[in-house]
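**Student:** I have a structure here, written as structure tokens, and I will follow up with some questions on it.
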Amino acid sequence: MSATPVNLEPVNLEDVRDILTDAVLAGAARVLDVRRSGAVNASYKDATVMVTNADKQSDAAMLAIFRERLALVDPEMSLHLEESGLSGGHSARRIGADPLDGTNHFAAGGNLYSVQAHYIDAGVPLVGVVFQPEVFLPLAESARCLGRLVSAIRGHGAFSYRTEWVDTTFVLGEARPVTRRPSPTTRTFAACVPFTLKMAPDERKLAENVHQAGIISASTGTGNAGGNTMMVIFGGHELYANFGAGEDLDLVPAQVIAEEVGLTVWGPDRRPPVWHVRKQPFIVAPDPAIAERVLSAAGL
């Protein structure tokens, strides 16, 4: 059997970011179509994971853009989307996407869900895009709903764009650099530490340990990993600790953004996660000291 050709040409990360951005915008447009139609049609892929028409249509729209445009960047690049699964080449360069992060939240009528995508090379996150199309003004209140798209390239900062849905497309405002938000000096924290049926018993035990440690003053959250990290960045809680409720497709994009803002993003080894696995504990905190308190409280 011949070896898979390896493309050693450097990838233009700005081109990748633009493709990811166009893909999440296309996916989010399908999500809004489903929202307006009312045909959410929620069902379960297995005993714990919900899927809707919005997930499926967003996935298809994003995959179409990836297949059309990524071949010009690197024809060997591999793809992994939440609903359509693995496709493309077998390169260490991989595009990942969650076409609707926060399906349960969306199906329940929430507006804090996200559509997101990322690029990693040999497990290292390099580009991330998180889009919350209704975060400022939901479609239920205005046909021209207002949202926020945030993107980042490793080493080049993070940028936020206000979005408005006009007829059949999203209009993006000007880019604004995302800077670190001041954090209050406190002994306890407003925090999101999920405890869900998607987690294995040992993962739930880690989360339970943190809840019982006396460091959480208020429990918060948006029902999705991208949105929960955006709350650490833009306001709503001080830390996010995911011990098994999320996977790479919904954690990697936010990791790139959070690191570029200057937050501490750690796995259990006290280092930024490298994604040779799909699932691992994931902490977003204002600084290493707080991240250490959370991991220690969990028993890691």
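Following the order of the structure tokens, first chain is A, next is B, and so on, with residues numbered from 1 inside each chain and ligands from 1 in the order they appear.
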Just the strand (DSSP E) stuff from range 91-235 of chain A, please, per backbone DSSP, written as an NGL selection string.

**Tutor:** :A and (93-101 or 114-121 or 124-137 or 146-153 or 158-166 or 169-172 or 176-177 or 189-192 or 216-219)

**Student:** Find the residues around range 63-78 of chain A up to 7 Å (only C-alpha atoms counted), leave out those fewer than 3 positions away in its own chain, and share them as a VMD selection string.

**Tutor:** chain A and resid 11 23 59 to 60 87 to 91 93 to 95

**Student:** Export N, CA and C atoms of the chosen residues as a short mmCIF file (atom, residue, chain, number, x, y, z; two decimals), in the first residue's frame?

**Tutor:**
```cif
data_model
loop_
_atom_site.label_atom_id
_atom_site.label_comp_id
_atom_site.auth_asym_id
_atom_site.auth_seq_id
_atom_site.Cartn_x
_atom_site.Cartn_y
_atom_site.Cartn_z
N VAL A 11 0.44 26.49 5.24
CA VAL A 11 -0.95 26.89 5.07
C VAL A 11 -1.10 28.35 5.45
N ALA A 23 -18.05 29.42 6.38
CA ALA A 23 -18.77 28.18 6.68
C ALA A 23 -19.72 28.35 7.86
N ASP A 59 -24.82 21.49 9.18
CA ASP A 59 -23.69 20.61 8.85
C ASP A 59 -23.52 20.51 7.34
N ALA A 60 -24.61 20.29 6.61
CA ALA A 60 -24.54 20.14 5.16
C ALA A 60 -24.03 21.42 4.49
N SER A 87 -14.27 12.93 6.80
CA SER A 87 -14.16 12.86 5.35
C SER A 87 -12.87 13.56 4.94
N GLY A 88 -12.63 13.65 3.64
CA GLY A 88 -11.43 14.32 3.16
C GLY A 88 -10.22 13.42 3.24
N GLY A 89 -9.03 14.04 3.37
CA GLY A 89 -7.78 13.29 3.40
C GLY A 89 -7.47 12.75 4.78
N HIS A 90 -6.22 12.34 4.94
CA HIS A 90 -5.77 11.74 6.20
C HIS A 90 -4.56 12.51 6.73
N SER A 91 -4.58 13.80 6.54
CA SER A 91 -3.48 14.65 6.96
C SER A 91 -3.57 14.96 8.45
N ARG A 93 -3.29 17.87 9.33
CA ARG A 93 -4.02 19.12 9.25
C ARG A 93 -5.51 18.81 9.19
N ARG A 94 -6.27 19.33 10.12
CA ARG A 94 -7.68 18.96 10.21
C ARG A 94 -8.57 20.17 10.46
N ILE A 95 -9.67 20.20 9.74
CA ILE A 95 -10.75 21.14 9.97
C ILE A 95 -11.83 20.42 10.77
#
```

**Student:** List the spatial neighbours of Pro272 in chain A as an mmCIF file with N, CA and C atoms, in the first residue's frame - criterion: any atom at most 10 Å away, only C-alpha atoms, same-chain residues fewer than 2 positions off excluded.

**Tutor:**
```cif
data_model
loop_
_atom_site.group_PDB
_atom_site.id
_atom_site.type_symbol
_atom_site.label_atom_id
_atom_site.label_comp_id
_atom_site.auth_asym_id
_atom_site.auth_seq_id
_atom_site.Cartn_x
_atom_site.Cartn_y
_atom_site.Cartn_z
ATOM 1 N N VAL A 124 -2.507 20.645 17.452
ATOM 2 C CA VAL A 124 -2.362 21.985 18.037
ATOM 3 C C VAL A 124 -3.382 22.939 17.414
ATOM 4 N N PRO A 125 -4.265 23.547 18.212
ATOM 5 C CA PRO A 125 -5.258 24.485 17.674
ATOM 6 C C PRO A 125 -4.594 25.757 17.146
ATOM 7 N N GLN A 255 -10.929 27.548 22.538
ATOM 8 C CA GLN A 255 -9.583 27.530 23.127
ATOM 9 C C GLN A 255 -8.678 28.540 22.436
ATOM 10 N N VAL A 256 -8.691 28.549 21.103
ATOM 11 C CA VAL A 256 -7.828 29.479 20.368
ATOM 12 C C VAL A 256 -8.160 30.916 20.752
ATOM 13 N N GLU A 259 -7.140 31.750 24.505
ATOM 14 C CA GLU A 259 -5.697 31.909 24.673
ATOM 15 C C GLU A 259 -5.213 33.224 24.077
ATOM 16 N N THR A 264 -6.180 31.603 30.802
ATOM 17 C CA THR A 264 -5.515 30.325 31.006
ATOM 18 C C THR A 264 -6.443 29.207 30.538
ATOM 19 N N VAL A 265 -5.983 28.403 29.598
ATOM 20 C CA VAL A 265 -6.734 27.240 29.124
ATOM 21 C C VAL A 265 -5.875 26.016 29.391
ATOM 22 N N TRP A 266 -6.341 25.143 30.272
ATOM 23 C CA TRP A 266 -5.559 23.986 30.698
ATOM 24 C C TRP A 266 -6.339 22.693 30.538
ATOM 25 N N GLY A 267 -5.580 21.635 30.284
ATOM 26 C CA GLY A 267 -6.065 20.289 30.463
ATOM 27 C C GLY A 267 -5.587 19.781 31.807
ATOM 28 N N PRO A 268 -5.774 18.491 32.094
ATOM 29 C CA PRO A 268 -5.377 17.966 33.410
ATOM 30 C C PRO A 268 -3.881 17.987 33.665
ATOM 31 N N ASP A 269 -3.065 18.146 32.596
ATOM 32 C CA ASP A 269 -1.613 18.209 32.773
ATOM 33 C C ASP A 269 -1.106 19.628 33.001
ATOM 34 N N ARG A 270 -2.030 20.566 33.225
ATOM 35 C CA ARG A 270 -1.691 21.977 33.479
ATOM 36 C C ARG A 270 -1.043 22.634 32.262
ATOM 37 N N VAL A 274 -3.809 19.659 23.767
ATOM 38 C CA VAL A 274 -3.452 19.236 22.413
ATOM 39 C C VAL A 274 -4.402 18.103 22.062
ATOM 40 N N TRP A 275 -4.988 18.168 20.867
ATOM 41 C CA TRP A 275 -6.154 17.340 20.557
ATOM 42 C C TRP A 275 -5.808 16.144 19.684
ATOM 43 N N PHE A 282 -11.140 20.248 30.498
ATOM 44 C CA PHE A 282 -10.849 21.511 29.822
ATOM 45 C C PHE A 282 -11.238 22.648 30.751
ATOM 46 N N ILE A 283 -10.269 23.468 31.135
ATOM 47 C CA ILE A 283 -10.490 24.557 32.075
ATOM 48 C C ILE A 283 -10.173 25.884 31.396
ATOM 49 N N VAL A 284 -11.087 26.853 31.505
ATOM 50 C CA VAL A 284 -10.828 28.229 31.081
ATOM 51 C C VAL A 284 -10.961 29.105 32.317
#
```

**Student:** Show which residues sit within 7 Å of Leu263 in chain A, as a list in words. Count only C-alpha atoms, and ignore same-chain residues fewer than 5 positions away.

**Tutor:**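 Everything that qualifies: Ala258, Val284, Ala285, Pro286 and Asp287 of chain A.
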
**Student:** With a cut-off of 12 Å, could you pull out the residues of range 108-133 of chain A touching range 32-45 of chain A and give me the nearest pair of atoms for each, distance in Å to one decimal, using only C-alpha atoms, ordered by chain and ascending number, as a tab-separated table?

**Tutor:**
```
residue	atom	partner	partner_atom	distance
A:Ala108	CA	A:Ala42	CA	9.9
A:Gly109	CA	A:Arg35	CA	8.9
A:Gly110	CA	A:Arg35	CA	10.7
A:Asn111	CA	A:Arg35	CA	10.4
A:Tyr113	CA	A:Leu32	CA	11.6
A:Ser114	CA	A:Leu32	CA	11.7
A:Val115	CA	A:Leu32	CA	11.3
A:Gln132	CA	A:Leu32	CA	11.2
A:Pro133	CA	A:Leu32	CA	8.4
```

**Student:** Those same residues, written as a tab-separated table (two decimals), in the first residue's frame with C-alpha atoms?

**Tutor:**
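Contents of the output file result_39.tsv:
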```
chain	number	residue	atom	x	y	z
A	108	ALA	CA	-35.76	24.70	24.13
A	109	GLY	CA	-36.01	28.13	22.46
A	110	GLY	CA	-32.69	29.55	23.68
A	111	ASN	CA	-30.61	32.09	21.77
A	113	TYR	CA	-26.21	28.53	21.06
A	114	SER	CA	-23.22	28.77	18.72
A	115	VAL	CA	-21.99	27.59	15.33
A	132	GLN	CA	-23.66	33.25	18.18
A	133	PRO	CA	-26.18	34.61	15.65
```

**Student:** Taking only C-alpha atoms into account, which of A:Arg144, A:His237, A:Arg293, A:Arg154 comes nearest Asn209 in chain A?

**Tutor:**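 Of all the options, A:Arg293 lies closest to Asn209 in chain A.
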
**Student:** Could you list, as a ChimeraX atom specification, every residue within 12 Å of Thr186 in chain A, counting only C-alpha atoms and ignoring same-chain residues fewer than 2 positions away?

**Tutor:** /A:183-184,188-190,215-217,238,286,290

**Student:** When distances are computed from only C-alpha atoms, which of A:Ala225, A:Val210, A:Leu172, A:Ala200 shows the smallest separation from Pro253 in chain A?

**Tutor:**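 Of A:Ala225, A:Val210, A:Leu172, A:Ala200, the one nearest Pro253 in chain A, counting only C-alpha atoms, is A:Ala225.
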
**Student:** Quick one: pick out all helix (DSSP H, G or I) residues within range 90-134 of chain A from a backbone DSSP run and write them as a list in words.

**Tutor:**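 Selecting the helix (DSSP H, G or I) positions of range 90-134 of chain A gives Thr103, Asn104, His105, Phe106 and Ala107 of chain A.
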
**Student:** For the residues selected in the previous step, produce a file with N, CA and C atoms as an mmCIF file, in the first residue's frame.

**Tutor:**
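What landed in out26.cif:
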```
data_model
loop_
_atom_site.group_PDB
_atom_site.id
_atom_site.type_symbol
_atom_site.label_atom_id
_atom_site.label_comp_id
_atom_site.auth_asym_id
_atom_site.auth_seq_id
_atom_site.Cartn_x
_atom_site.Cartn_y
_atom_site.Cartn_z
ATOM 1 N N THR A 103 -27.446 22.164 21.158
ATOM 2 C CA THR A 103 -28.686 21.711 20.520
ATOM 3 C C THR A 103 -29.860 21.711 21.496
ATOM 4 N N ASN A 104 -29.653 21.203 22.704
ATOM 5 C CA ASN A 104 -30.747 21.180 23.679
ATOM 6 C C ASN A 104 -31.221 22.596 24.006
ATOM 7 N N HIS A 105 -30.273 23.503 24.163
ATOM 8 C CA HIS A 105 -30.588 24.907 24.443
ATOM 9 C C HIS A 105 -31.386 25.501 23.289
ATOM 10 N N PHE A 106 -30.964 25.249 22.049
ATOM 11 C CA PHE A 106 -31.657 25.751 20.861
ATOM 12 C C PHE A 106 -33.063 25.177 20.779
ATOM 13 N N ALA A 107 -33.187 23.862 20.972
ATOM 14 C CA ALA A 107 -34.491 23.212 20.866
ATOM 15 C C ALA A 107 -35.459 23.710 21.930
#
```

**Student:** Rank nothing, just name the residue among A:Leu112, A:Val166, A:Gly155, A:Ile120 nearest to Ser142 in chain A, using only C-alpha atoms.

**Tutor:**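 Closest residue, counting only C-alpha atoms: A:Val166.
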
**Student:** If we count only C-alpha atoms, what is near Gly173 in chain A at a cut-off of 7 Å, once residues fewer than 2 positions away on the same chain are taken out, given as a list in words?

**Tutor:**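 Result of the neighbour search: Tyr161, Arg162, Thr163, Val171 and Ala175 of chain A.
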
**Student:** Which is closest to Phe170 in chain A among A:Glu208, A:Asp98, A:Asp22, A:Asp202, if we use only C-alpha atoms?

**Tutor:**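 Using only C-alpha atoms, Phe170 in chain A sits closest to A:Asp22.
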
**Student:** Ranking A:Ile257, A:Leu300, A:Val150, A:Leu197 by minimum distance to Glu174 in chain A and counting only C-alpha atoms, which one comes first?

**Tutor:**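 So, comparing all the options, the nearest one is A:Val150.
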